[in-house]
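Text of model-v1.cif (mmCIF, C-alpha atoms) as supplied:
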data_run
#
loop_
_atom_site.label_atom_id
_atom_site.label_comp_id
_atom_site.auth_asym_id
_atom_site.auth_seq_id
_atom_site.Cartn_x
_atom_site.Cartn_y
_atom_site.Cartn_z
CA MET A 1 124.61 -78.32 57.35
CA SER A 2 127.47 -77.31 55.07
CA ALA A 3 125.24 -78.04 52.07
CA PHE A 4 122.63 -75.74 53.59
CA ARG A 5 125.20 -72.97 53.96
CA ALA A 6 126.59 -73.61 50.47
CA LEU A 7 123.15 -73.11 48.97
CA ILE A 8 122.59 -69.84 50.84
CA GLY A 9 126.08 -68.72 49.85
CA ARG A 10 125.48 -69.51 46.19
CA ASP A 11 122.19 -67.60 46.09
CA LEU A 12 123.77 -64.57 47.78
CA LYS A 13 126.71 -64.68 45.39
CA LEU A 14 124.39 -64.87 42.40
CA ALA A 15 122.30 -61.96 43.69
CA PHE A 16 125.36 -59.76 44.11
CA ARG A 17 126.91 -60.77 40.79
CA ALA A 18 123.68 -60.05 38.97
CA GLY A 19 124.36 -56.52 40.17
CA GLY A 20 121.38 -54.23 40.27
CA GLU A 21 118.63 -56.72 41.04
CA ALA A 22 118.61 -56.26 44.81
CA LEU A 23 119.23 -52.56 44.31
CA THR A 24 116.19 -52.28 42.03
CA LEU A 25 113.95 -53.43 44.86
CA VAL A 26 115.43 -50.92 47.29
CA LEU A 27 115.05 -48.18 44.72
CA PHE A 28 111.42 -49.11 44.19
CA PHE A 29 110.88 -49.14 47.96
CA VAL A 30 112.31 -45.64 48.31
CA MET A 31 110.48 -44.37 45.24
CA VAL A 32 107.08 -45.24 46.67
CA ALA A 33 107.94 -43.17 49.73
CA VAL A 34 109.18 -40.32 47.56
CA ILE A 35 105.98 -39.96 45.57
CA VAL A 36 103.55 -40.29 48.48
CA PRO A 37 104.18 -36.81 49.95
CA PHE A 38 103.50 -35.35 46.51
CA ALA A 39 100.33 -37.34 46.15
CA ILE A 40 98.75 -36.60 49.53
CA GLY A 41 100.18 -33.11 50.08
CA PRO A 42 102.89 -31.83 52.39
CA ASP A 43 100.79 -32.00 55.54
CA ARG A 44 103.37 -33.17 58.11
CA PRO A 45 101.10 -34.49 60.87
CA GLN A 46 99.07 -36.39 58.29
CA LEU A 47 102.22 -37.85 56.73
CA THR A 48 103.47 -38.92 60.14
CA ARG A 49 100.15 -40.62 60.84
CA LEU A 50 100.18 -42.49 57.52
CA ALA A 51 103.90 -43.28 57.51
CA PRO A 52 103.82 -46.84 58.96
CA GLY A 53 101.14 -47.89 56.51
CA ILE A 54 103.06 -46.41 53.60
CA VAL A 55 106.25 -48.19 54.63
CA TRP A 56 104.40 -51.50 54.81
CA ILE A 57 102.79 -50.96 51.41
CA ALA A 58 106.17 -50.07 49.89
CA ALA A 59 107.83 -53.10 51.48
CA PHE A 60 105.02 -55.42 50.40
CA LEU A 61 105.07 -54.22 46.79
CA SER A 62 108.83 -54.39 46.41
CA MET A 63 108.91 -57.89 47.85
CA LEU A 64 106.23 -58.98 45.38
CA LEU A 65 108.44 -57.61 42.64
CA GLY A 66 111.34 -59.87 43.61
CA LEU A 67 109.26 -62.96 44.21
CA ASP A 68 109.51 -64.51 40.78
CA ARG A 69 113.26 -64.89 41.10
CA LEU A 70 113.00 -67.28 44.03
CA PHE A 71 112.62 -70.53 42.04
CA ARG A 72 112.30 -69.56 38.38
CA ASN A 73 116.00 -69.27 37.50
CA ASP A 74 116.79 -72.54 39.20
CA ASP A 75 113.88 -74.18 37.43
CA GLU A 76 114.94 -72.93 34.02
CA ASP A 77 118.55 -74.08 34.19
CA GLY A 78 117.70 -77.44 35.73
CA SER A 79 119.20 -76.76 39.16
CA LEU A 80 115.86 -77.40 40.83
CA THR A 81 115.65 -80.90 39.34
CA LEU A 82 119.24 -81.70 40.31
CA LEU A 83 118.76 -80.31 43.81
CA ARG A 84 116.21 -83.06 44.37
CA HIS A 85 119.09 -85.52 44.44
CA ALA A 86 121.12 -83.44 46.85
CA GLY A 87 122.14 -84.63 50.27
CA LEU A 88 119.53 -82.27 51.68
CA PRO A 89 115.82 -83.01 51.55
CA LEU A 90 113.90 -80.68 49.24
CA GLU A 91 112.29 -79.03 52.25
CA ALA A 92 115.69 -77.95 53.54
CA VAL A 93 116.62 -76.75 50.05
CA VAL A 94 113.53 -74.56 50.04
CA ALA A 95 114.28 -73.29 53.55
CA ALA A 96 117.81 -72.31 52.51
CA LYS A 97 116.51 -70.53 49.45
CA VAL A 98 113.90 -68.68 51.53
CA ILE A 99 116.56 -67.51 53.97
CA ALA A 100 118.78 -66.33 51.11
CA HIS A 101 115.83 -64.61 49.50
CA TRP A 102 115.03 -62.80 52.74
CA LEU A 103 118.65 -61.64 53.01
CA VAL A 104 118.60 -60.36 49.44
CA THR A 105 115.14 -58.80 49.24
CA ALA A 106 114.05 -57.89 52.77
CA LEU A 107 117.23 -56.97 54.61
CA PRO A 108 118.18 -54.19 52.15
CA LEU A 109 114.71 -52.70 52.65
CA LEU A 110 115.25 -52.61 56.39
CA LEU A 111 118.53 -50.83 55.82
CA ALA A 112 116.80 -48.29 53.59
CA THR A 113 114.07 -47.41 56.13
CA PRO A 114 115.93 -44.39 57.59
CA VAL A 115 115.53 -42.71 54.21
CA LEU A 116 111.82 -43.37 54.33
CA ALA A 117 111.64 -42.10 57.90
CA LEU A 118 113.09 -38.79 56.72
CA LEU A 119 110.85 -38.52 53.68
CA LEU A 120 107.70 -39.31 55.63
CA SER A 121 108.68 -37.20 58.67
CA MET A 122 108.56 -40.11 61.09
CA SER A 123 109.89 -39.69 64.60
CA TRP A 124 112.86 -41.89 65.49
CA ALA A 125 110.77 -43.83 67.98
CA GLN A 126 108.21 -44.50 65.27
CA TRP A 127 111.00 -45.52 62.90
CA GLY A 128 112.39 -47.98 65.44
CA GLN A 129 109.01 -49.60 65.86
CA THR A 130 108.51 -49.80 62.11
CA VAL A 131 111.85 -51.55 61.67
CA LEU A 132 110.92 -53.98 64.44
CA ALA A 133 107.56 -54.68 62.80
CA LEU A 134 109.20 -55.26 59.42
CA LEU A 135 111.81 -57.49 61.02
CA ILE A 136 109.06 -59.67 62.48
CA GLY A 137 106.69 -59.49 59.52
CA THR A 138 108.94 -59.83 56.46
CA PRO A 139 109.86 -63.51 57.11
CA ALA A 140 106.13 -64.24 56.89
CA LEU A 141 105.86 -62.30 53.63
CA VAL A 142 108.84 -64.14 52.14
CA SER A 143 107.42 -67.48 53.27
CA PHE A 144 104.02 -66.83 51.75
CA GLY A 145 105.89 -65.64 48.69
CA ALA A 146 107.82 -68.92 48.50
CA LEU A 147 104.51 -70.74 48.47
CA GLY A 148 103.20 -68.61 45.61
CA ALA A 149 106.46 -68.89 43.68
CA ALA A 150 106.57 -72.67 44.09
CA VAL A 151 102.98 -73.15 42.95
CA THR A 152 103.50 -71.01 39.85
CA VAL A 153 107.03 -72.12 38.92
CA GLY A 154 105.78 -74.27 36.06
CA LEU A 155 103.68 -71.51 34.52
CA ARG A 156 105.20 -69.27 31.93
CA ARG A 157 103.54 -66.11 33.20
CA GLY A 158 103.61 -67.21 36.82
CA GLY A 159 105.27 -63.96 37.78
CA LEU A 160 101.91 -62.26 37.54
CA ILE A 161 99.83 -64.95 39.19
CA ALA A 162 101.94 -65.51 42.31
CA PRO A 163 101.25 -62.03 43.79
CA VAL A 164 97.51 -62.48 43.28
CA LEU A 165 97.69 -65.87 45.00
CA ILE A 166 99.53 -64.65 48.06
CA LEU A 167 97.78 -61.30 48.42
CA PRO A 168 94.93 -62.62 50.58
CA LEU A 169 97.40 -64.61 52.68
CA SER A 170 99.56 -61.57 53.28
CA ILE A 171 96.77 -59.28 54.45
CA PRO A 172 96.91 -60.49 58.08
CA VAL A 173 100.63 -59.71 58.09
CA MET A 174 99.85 -56.17 56.96
CA ILE A 175 97.03 -55.73 59.49
CA PHE A 176 99.10 -56.79 62.48
CA GLY A 177 102.27 -55.21 61.14
CA VAL A 178 100.62 -51.80 61.03
CA GLY A 179 98.63 -52.59 64.17
CA MET A 180 101.91 -52.99 66.09
CA LEU A 181 102.54 -49.29 65.53
CA ASP A 182 99.20 -48.16 66.92
CA PRO A 183 99.96 -46.72 70.38
CA LEU A 184 96.59 -47.93 71.67
CA ALA A 185 96.96 -51.52 70.48
CA GLY A 186 99.12 -52.84 73.32
CA SER A 187 101.25 -55.93 72.81
CA GLY A 188 98.52 -58.09 71.29
CA ALA A 189 99.33 -57.18 67.71
CA THR A 190 103.05 -57.76 68.26
CA LEU A 191 102.53 -61.19 69.74
CA PHE A 192 100.12 -62.17 67.02
CA LEU A 193 102.51 -61.02 64.30
CA ILE A 194 105.33 -63.03 65.89
CA ALA A 195 103.12 -66.10 66.11
CA LEU A 196 101.95 -65.70 62.52
CA SER A 197 105.48 -65.24 61.25
CA LEU A 198 106.83 -68.27 63.12
CA VAL A 199 104.04 -70.57 62.00
CA VAL A 200 104.26 -69.52 58.36
CA THR A 201 108.05 -69.70 58.28
CA ALA A 202 107.97 -73.18 59.78
CA PHE A 203 105.32 -74.59 57.46
CA SER A 204 106.08 -72.94 54.14
CA PRO A 205 109.18 -75.05 53.25
CA PHE A 206 107.06 -78.20 53.45
CA ALA A 207 104.20 -76.76 51.44
CA ALA A 208 106.51 -75.19 48.85
CA ALA A 209 108.55 -78.40 48.49
CA LEU A 210 105.33 -80.32 47.87
CA ALA A 211 104.35 -77.82 45.19
CA LEU A 212 107.79 -78.09 43.56
CA ARG A 213 107.59 -81.89 43.50
CA VAL A 214 104.25 -81.73 41.72
CA ALA A 215 105.54 -79.07 39.31
CA GLY A 216 108.52 -81.28 38.40
CA GLU A 217 106.32 -84.02 36.92
CA MET B 30 145.23 -88.20 21.58
CA THR B 31 148.23 -87.56 23.78
CA LEU B 32 146.23 -84.89 25.54
CA ALA B 33 143.44 -87.35 26.14
CA SER B 34 145.67 -89.99 27.68
CA GLY B 35 147.14 -87.29 29.92
CA HIS B 36 143.70 -86.61 31.34
CA LEU B 37 143.06 -90.26 31.91
CA GLY B 38 146.36 -90.41 33.74
CA SER B 39 145.41 -87.65 36.14
CA LEU B 40 142.12 -89.37 36.86
CA GLY B 41 143.90 -92.62 37.66
CA MET B 42 146.35 -90.81 39.90
CA ALA B 43 143.57 -89.16 41.84
CA ALA B 44 141.97 -92.49 42.51
CA MET B 45 145.30 -93.75 43.84
CA ASN B 46 145.67 -90.74 46.10
CA GLN B 47 142.40 -91.61 47.77
CA PRO B 48 142.65 -95.28 48.65
CA THR B 49 139.27 -95.31 50.41
CA LEU B 50 137.69 -94.33 47.13
CA ALA B 51 139.33 -97.04 45.06
CA SER B 52 138.72 -99.82 47.54
CA GLU B 53 135.14 -98.84 48.21
CA ALA B 54 133.31 -100.48 45.35
CA PHE B 55 129.69 -99.71 44.68
CA GLN B 56 127.07 -102.40 45.16
CA PRO B 57 124.05 -100.94 43.44
CA GLN B 58 121.10 -103.03 42.33
CA LEU B 59 118.60 -101.31 40.12
CA SER B 60 115.51 -103.31 39.34
CA VAL B 61 112.48 -102.13 37.47
CA SER B 62 109.35 -104.16 37.02
CA GLY B 63 106.02 -103.48 35.38
CA LEU B 64 106.97 -99.86 34.80
CA THR B 65 104.29 -97.91 32.98
CA VAL B 66 104.51 -94.19 32.34
CA ARG B 67 101.94 -91.95 30.74
CA ARG B 68 102.51 -88.35 29.69
CA GLY B 69 99.14 -86.68 29.48
CA GLU B 70 96.94 -88.98 27.42
CA ARG B 71 99.83 -90.73 25.72
CA LEU B 72 101.15 -94.06 26.91
CA LEU B 73 104.93 -93.92 26.56
CA PHE B 74 105.83 -97.42 27.63
CA ALA B 75 104.12 -100.16 29.56
CA ASP B 76 105.25 -103.08 31.66
CA LEU B 77 108.96 -102.39 31.38
CA LEU B 78 111.13 -104.93 33.12
CA PHE B 79 114.88 -104.92 33.65
CA GLU B 80 117.45 -105.47 36.33
CA LEU B 81 120.93 -103.98 36.47
CA LYS B 82 123.80 -105.29 38.53
CA PRO B 83 127.10 -103.62 39.45
CA GLY B 84 129.09 -102.81 36.32
CA ASN B 85 126.09 -102.93 33.98
CA VAL B 86 125.31 -100.32 31.37
CA LEU B 87 121.86 -99.98 29.87
CA LEU B 88 121.65 -98.12 26.58
CA LEU B 89 118.24 -96.65 25.79
CA ARG B 90 117.63 -96.35 22.07
CA GLY B 91 114.68 -95.26 20.03
CA PRO B 92 113.36 -92.37 17.97
CA ASN B 93 112.81 -88.88 19.39
CA GLY B 94 109.84 -88.50 21.68
CA VAL B 95 109.55 -92.18 22.46
CA GLY B 96 110.14 -91.69 26.17
CA LYS B 97 113.86 -92.17 26.76
CA SER B 98 114.23 -88.99 28.78
CA THR B 99 111.00 -89.67 30.62
CA LEU B 100 112.22 -93.12 31.60
CA LEU B 101 115.37 -91.54 33.00
CA LEU B 102 113.27 -88.98 34.90
CA ALA B 103 111.14 -91.82 36.27
CA LEU B 104 114.27 -93.65 37.43
CA ALA B 105 115.46 -90.38 38.95
CA GLY B 106 112.23 -90.10 40.95
CA ILE B 107 111.13 -86.91 39.24
CA VAL B 108 108.30 -88.35 37.17
CA ARG B 109 105.92 -90.63 39.02
CA PRO B 110 105.13 -93.83 37.12
CA ASP B 111 101.52 -94.84 36.60
CA ALA B 112 102.29 -98.41 37.55
CA GLY B 113 105.23 -100.59 38.42
CA THR B 114 108.09 -100.35 40.85
CA ILE B 115 111.63 -99.03 40.76
CA ALA B 116 113.86 -100.50 43.43
CA GLY B 117 117.37 -99.54 44.38
CA ALA B 118 117.39 -95.99 43.02
CA GLU B 119 117.64 -94.00 46.22
CA ARG B 120 117.59 -90.23 45.80
CA THR B 121 121.14 -89.80 47.02
CA ASP B 122 122.49 -92.81 45.12
CA LEU B 123 122.09 -91.35 41.67
CA HIS B 124 123.36 -88.64 39.39
CA LEU B 125 121.15 -87.26 36.63
CA LEU B 126 122.80 -85.62 33.64
CA ASN B 127 120.41 -84.15 31.09
CA TYR B 128 120.32 -81.19 28.76
CA GLN B 129 119.72 -78.83 31.67
CA SER B 130 123.03 -78.77 33.43
CA GLY B 131 122.15 -76.71 36.52
CA LEU B 132 125.19 -74.53 35.97
CA LYS B 133 125.14 -70.80 36.65
CA ALA B 134 126.65 -68.52 34.02
CA ARG B 135 127.57 -65.90 36.62
CA LEU B 136 129.56 -68.27 38.81
CA THR B 137 133.05 -69.40 37.92
CA VAL B 138 133.70 -72.94 36.76
CA SER B 139 135.16 -73.96 40.14
CA GLU B 140 132.41 -72.22 42.08
CA ASN B 141 129.79 -74.15 40.13
CA LEU B 142 131.53 -77.42 40.79
CA THR B 143 132.26 -76.64 44.44
CA PHE B 144 128.59 -75.88 44.94
CA TRP B 145 127.44 -79.23 43.56
CA GLN B 146 130.13 -80.97 45.54
CA ALA B 147 128.77 -79.38 48.71
CA MET B 148 125.20 -80.29 47.80
CA ASN B 149 125.82 -83.89 46.75
CA GLY B 150 128.58 -84.75 49.20
CA ALA B 151 132.35 -84.56 48.73
CA SER B 152 132.75 -88.29 48.27
CA GLY B 153 134.62 -88.23 44.97
CA LEU B 154 137.47 -86.36 43.35
CA THR B 155 138.46 -82.89 44.45
CA VAL B 156 137.27 -79.99 42.29
CA ASP B 157 140.64 -79.35 40.63
CA VAL B 158 141.29 -83.00 39.88
CA ALA B 159 137.80 -83.44 38.44
CA LEU B 160 138.24 -80.42 36.16
CA ASP B 161 141.54 -81.86 34.96
CA ALA B 162 139.89 -85.20 34.39
CA VAL B 163 137.30 -83.76 32.02
CA GLY B 164 139.88 -81.67 30.21
CA ILE B 165 138.98 -78.16 31.37
CA GLY B 166 141.63 -77.95 34.07
CA GLY B 167 142.86 -74.47 33.25
CA LEU B 168 139.45 -72.81 33.21
CA GLY B 169 138.53 -72.90 36.91
CA VAL B 170 138.55 -69.15 37.44
CA LEU B 171 136.54 -68.37 34.31
CA GLU B 172 132.83 -67.55 34.61
CA ALA B 173 130.83 -70.49 33.27
CA GLY B 174 128.99 -68.15 30.93
CA TYR B 175 132.12 -67.89 28.81
CA LEU B 176 132.37 -71.63 28.20
CA SER B 177 131.36 -73.22 24.90
CA SER B 178 128.55 -75.74 25.02
CA GLY B 179 131.05 -78.59 24.77
CA GLN B 180 133.03 -77.22 27.69
CA LEU B 181 129.81 -76.78 29.68
CA ARG B 182 128.98 -80.42 29.01
CA ARG B 183 132.43 -81.39 30.32
CA LEU B 184 131.80 -79.29 33.42
CA ALA B 185 128.46 -81.07 33.86
CA LEU B 186 130.33 -84.39 33.63
CA ALA B 187 132.77 -83.21 36.29
CA ARG B 188 129.78 -82.89 38.64
CA LEU B 189 129.43 -86.68 38.48
CA LEU B 190 133.05 -87.11 39.51
CA VAL B 191 133.19 -84.87 42.58
CA SER B 192 130.46 -86.85 44.32
CA ALA B 193 130.77 -90.60 44.06
CA ARG B 194 127.36 -92.12 43.43
CA PRO B 195 126.68 -95.62 42.15
CA ILE B 196 123.97 -94.91 39.57
CA TRP B 197 124.47 -92.56 36.61
CA LEU B 198 121.44 -91.58 34.55
CA LEU B 199 122.76 -89.91 31.41
CA ASP B 200 120.53 -88.29 28.82
CA GLU B 201 122.36 -87.76 25.52
CA PRO B 202 125.67 -87.29 27.36
CA SER B 203 127.67 -86.93 24.16
CA ALA B 204 125.62 -83.95 22.91
CA ALA B 205 127.94 -81.04 22.07
CA LEU B 206 131.06 -83.10 22.79
CA ASP B 207 133.84 -83.39 20.22
CA ALA B 208 135.43 -86.72 19.22
CA GLU B 209 137.96 -86.47 22.00
CA GLY B 210 135.14 -85.63 24.43
CA GLU B 211 133.20 -88.72 23.37
CA ALA B 212 136.27 -90.86 24.01
CA LEU B 213 136.58 -89.20 27.41
CA LEU B 214 132.92 -89.97 28.14
CA GLY B 215 133.53 -93.61 27.26
CA ARG B 216 136.53 -93.75 29.60
CA LEU B 217 134.59 -92.12 32.45
CA ILE B 218 131.73 -94.60 32.10
CA ASP B 219 134.22 -97.48 31.92
CA ALA B 220 135.98 -96.27 35.08
CA HIS B 221 132.58 -95.92 36.76
CA ARG B 222 131.68 -99.50 35.83
CA GLN B 223 134.99 -100.83 37.06
CA ARG B 224 134.11 -99.50 40.49
CA GLY B 225 130.81 -101.33 40.34
CA GLY B 226 128.71 -98.44 39.14
CA ILE B 227 125.62 -98.66 36.96
CA ALA B 228 124.90 -96.34 34.04
CA VAL B 229 121.64 -95.90 32.17
CA VAL B 230 122.35 -93.94 29.02
CA ALA B 231 119.87 -92.54 26.51
CA THR B 232 121.84 -92.02 23.34
CA HIS B 233 121.70 -91.99 19.55
CA HIS B 234 125.45 -92.59 19.21
CA ASP B 235 127.38 -95.69 20.08
CA LEU B 236 129.42 -95.11 23.18
CA PRO B 237 133.13 -95.92 22.85
CA LEU B 238 133.15 -98.38 25.74
CA VAL B 239 136.16 -100.64 25.99
CA ASP B 240 134.44 -103.56 27.60
CA GLN B 241 131.17 -104.46 25.88
CA ALA B 242 130.32 -107.18 28.38
CA GLY B 243 127.46 -106.15 30.62
CA VAL B 244 126.20 -103.59 28.13
CA GLU B 245 122.53 -104.09 27.39
CA THR B 246 120.40 -102.21 24.90
CA LEU B 247 116.76 -101.39 25.44
CA ILE B 248 114.94 -100.22 22.34
CA LEU B 249 111.89 -98.19 23.15
CA GLY B 250 108.99 -97.65 20.78
CA GLY B 251 109.23 -100.90 18.85
CA ALA B 252 111.08 -100.58 15.55
CA ALA B 253 113.82 -98.02 16.00
#
Please go through the file and, once you have read it, give me the structure as structure tokens.
Amino acid sequence: MSAFRALIGRDLKLAFRAGGEALTLVLFFVMVAVIVPFAIGPDRPQLTRLAPGIVWIAAFLSMLLGLDRLFRNDDEDGSLTLLRHAGLPLEAVVAAKVIAHWLVTALPLLLATPVLALLLSMSWAQWGQTVLALLIGTPALVSFGALGAAVTVGLRRGGLIAPVLILPLSIPVMIFGVGMLDPLAGSGATLFLIALSLVVTAFSPFAAALALRVAGE
Amino acid sequence: MTLASGHLGSLGMAAMNQPTLASEAFQPQLSVSGLTVRRGERLLFADLLFELKPGNVLLLRGPNGVGKSTLLLALAGIVRPDAGTIAGAERTDLHLLNYQSGLKARLTVSENLTFWQAMNGASGLTVDVALDAVGIGGLGVLEAGYLSSGQLRRLALARLLVSARPIWLLDEPSAALDAEGEALLGRLIDAHRQRGGIAVVATHHDLPLVDQAGVETLILGGAA
């Protein structure tokens, strides 16, 4: 367990030392929300109606942007090979890295959502629900992302292929994530998003570890 | 030279401070039979057979590209052999040291080492003692990115010391090391063998090992 924590701690430390990387994602997230009102016009009711969808799109795109970092650096400096001899099984190594990646790429976005709420004239109730939806949905996005990153870690231009690979997988997350915010949808969408997120988060370390083992050969 | 013997002294002292470590000898048994590895279309080696007992060192020699590193990766369980069996090389029993050191330039020297100690188990020397033992004792607070390649190699060697594991797989361990560093490497391998450890070393240089008994050489690729 201490090895698990040490790995998360190292990845967080590296993310903060590298300085702007996590900040870049947040900036991108906010920027999408800044340009949308200019693109679709300053019609407040319309903005409010579109706001949840825009937040999801912004979150999805900025998380795709950070995806490549998940395994590539560790692959290039040999850490990934050496981690296969660690006291932890590779599946646990992947799980720790996914958790760290969520903390670095998804949590800052959640903290930045109040800015988006202001820019997109969301009500506070709507904002609260959006944060809840992101909180449930982003682990699924990160987990699908880990899968894409693991499959493409051996490819030189994998950074471009991984998003294309995981796009179809992530669409259900988007559908139910936005569906949660529909006042007519009831709790069905919420429950389905929770189920989806739990299943993906539980399975992705095994699938990603398998992909990494094959990539190592 | 005086500096070098000082480092050896601190290593010996550390072993005395931890009696469980000194008394707990390794009992590894690494046996390989019928090992055949292909890379793509190319057959690197076929039907390799050897057995290593506690205290043995196997030197892998041969020209570049003949499969020395691949053999080490196969022993490390990274590359799957096409045929044959490798027995005794459990995942958590071995240390792999190759040209990729797994060290992060943005972490300090001690942070790097502490991380690998946490990952591989704190069964060996403490971080400070291990850094002293490889001769970079004063550099713990420095970011690893500032180290020279020889110092990085010493830090990579320190990773083998903080977690005690019976099998060392070393790929060109003396690369980037100075003469004093090579002597240090020889002493570390000797100390490892005295505790019953096994080392498989791919190298172009002769290692300065004190005791040549139990040192075997495997020449890959026919005439080397």
Run the PyMOL selection byres ((chain B) within 8 of (chain A)) mentally over the shown coordinates, then write out the matched residues as a list in words, using the chain letters and numbers from the document.
Ile107, Val108, Arg109, Arg120, Thr121, Leu123, His124, Leu125, Gln129, Ser130, Gly131, Leu132, Lys133, Arg135, Leu136, Phe144, Ala147, Met148, Asn149 and Gly150 of chain B
Just want the 9 Å neighbourhood of Ala212 in chain B, counted on all atoms listed in the file, with same-chain residues fewer than 2 positions away dropped. Output as a ChimeraX atom specification.
/B:33,207-210,214-217,236-238
Quick one: apply the PyMOL selection byres ((chain B and resi 199) around 8) to the file and drop the selected residues here as JSON, numbers by chain.
{"B": [101, 125, 126, 127, 197, 198, 200, 201, 202, 228, 229, 230, 231]}
Using only C-alpha atoms, which protein or nucleic acid residues come within 10 Å of Leu27 in chain A? Drop anything in the same chain fewer than 4 positions from it, and give the result as an NGL selection string.
:A and (20-23 or 31-32 or 62 or 109 or 112)
Check what the PyMOL selection byres ((chain A and resi 45-54) around 12) selects in the file above and give those residues as a ChimeraX atom specification.
/A:29-44,55-61,113,116-134,173-183
Can you tell me, as JSON, numbers by chain, what residues are no more than 8 Å from range 175-188 of chain B when counting only C-alpha atoms, ignoring any on the same chain fewer than 6 positions away?
{"B": [126, 130, 132, 134, 138, 142, 145, 146, 159, 160, 162, 163, 164, 165, 202, 204, 205, 206, 207, 210]}
Based on the selection just made, write C-alpha atoms of those residues as an mmCIF file, in the frame of the given file.
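Below is the file that was written, again-v7.cif:
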data_model
loop_
_atom_site.group_PDB
_atom_site.id
_atom_site.type_symbol
_atom_site.label_atom_id
_atom_site.label_comp_id
_atom_site.auth_asym_id
_atom_site.auth_seq_id
_atom_site.Cartn_x
_atom_site.Cartn_y
_atom_site.Cartn_z
ATOM 1 C CA LEU B 126 122.800 -85.620 33.640
ATOM 2 C CA SER B 130 123.030 -78.770 33.430
ATOM 3 C CA LEU B 132 125.190 -74.530 35.970
ATOM 4 C CA ALA B 134 126.650 -68.520 34.020
ATOM 5 C CA VAL B 138 133.700 -72.940 36.760
ATOM 6 C CA LEU B 142 131.530 -77.420 40.790
ATOM 7 C CA TRP B 145 127.440 -79.230 43.560
ATOM 8 C CA GLN B 146 130.130 -80.970 45.540
ATOM 9 C CA ALA B 159 137.800 -83.440 38.440
ATOM 10 C CA LEU B 160 138.240 -80.420 36.160
ATOM 11 C CA ALA B 162 139.890 -85.200 34.390
ATOM 12 C CA VAL B 163 137.300 -83.760 32.020
ATOM 13 C CA GLY B 164 139.880 -81.670 30.210
ATOM 14 C CA ILE B 165 138.980 -78.160 31.370
ATOM 15 C CA PRO B 202 125.670 -87.290 27.360
ATOM 16 C CA ALA B 204 125.620 -83.950 22.910
ATOM 17 C CA ALA B 205 127.940 -81.040 22.070
ATOM 18 C CA LEU B 206 131.060 -83.100 22.790
ATOM 19 C CA ASP B 207 133.840 -83.390 20.220
ATOM 20 C CA GLY B 210 135.140 -85.630 24.430
#
Computed interatomic separation between CA of Lys97 in chain B and CA of Arg222 in chain B (Å):
21.3 Å
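Note that CA of Ala208 in chain A and CA of Ala150 in chain A are 5.4 Å apart.
If you look at CA of Ser170 in chain A and CA of Gly145 in chain A, they are 8.8 Å away from each other.
Near Val164 in chain A, within a cut-off of 9 Å and counting all atoms listed in the file, sit the residues A:Gly148, A:Leu160, A:Pro168, with same-chain residues fewer than 4 positions away left out.
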Please produce an output containing C-alpha atoms for each residue in the selection, written as a JSON list (two decimals), in the frame of the given file.
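Final output, saved to part-v5.json:
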[["chain", "number", "residue", "atom", "x", "y", "z"],
["A", 148, "GLY", "CA", 103.20, -68.61, 45.61],
["A", 160, "LEU", "CA", 101.91, -62.26, 37.54],
["A", 168, "PRO", "CA", 94.93, -62.62, 50.58]]
Would you mind exporting range 206-215 of chain B with N, CA and C atoms, as a JSON list (two decimals), in the first residue's frame?
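Printed below is decode-v9.json as written:
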[["chain", "number", "residue", "atom", "x", "y", "z"],
["B", 206, "LEU", "N", 30.88, 5.22, -16.57],
["B", 206, "LEU", "CA", 31.59, 5.25, -15.28],
["B", 206, "LEU", "C", 33.08, 5.51, -15.50],
["B", 207, "ASP", "N", 33.68, 6.25, -14.56],
["B", 207, "ASP", "CA", 35.13, 6.46, -14.63],
["B", 207, "ASP", "C", 35.84, 5.24, -14.03],
["B", 208, "ALA", "N", 37.18, 5.29, -14.02],
["B", 208, "ALA", "CA", 37.96, 4.13, -13.54],
["B", 208, "ALA", "C", 37.58, 3.78, -12.11],
["B", 209, "GLU", "N", 37.42, 4.82, -11.31],
["B", 209, "GLU", "CA", 37.08, 4.58, -9.91],
["B", 209, "GLU", "C", 35.67, 3.98, -9.81],
["B", 210, "GLY", "N", 34.78, 4.44, -10.71],
["B", 210, "GLY", "CA", 33.42, 3.91, -10.75],
["B", 210, "GLY", "C", 33.40, 2.44, -11.15],
["B", 211, "GLU", "N", 34.27, 2.06, -12.09],
["B", 211, "GLU", "CA", 34.35, 0.65, -12.49],
["B", 211, "GLU", "C", 34.81, -0.22, -11.35],
["B", 212, "ALA", "N", 35.80, 0.31, -10.59],
["B", 212, "ALA", "CA", 36.27, -0.44, -9.42],
["B", 212, "ALA", "C", 35.14, -0.60, -8.41],
["B", 213, "LEU", "N", 34.37, 0.48, -8.24],
["B", 213, "LEU", "CA", 33.22, 0.44, -7.34],
["B", 213, "LEU", "C", 32.23, -0.61, -7.78],
["B", 214, "LEU", "N", 31.95, -0.65, -9.09],
["B", 214, "LEU", "CA", 31.02, -1.62, -9.65],
["B", 214, "LEU", "C", 31.49, -3.04, -9.34],
["B", 215, "GLY", "N", 32.81, -3.27, -9.52],
["B", 215, "GLY", "CA", 33.36, -4.58, -9.22],
["B", 215, "GLY", "C", 33.15, -4.95, -7.75]]
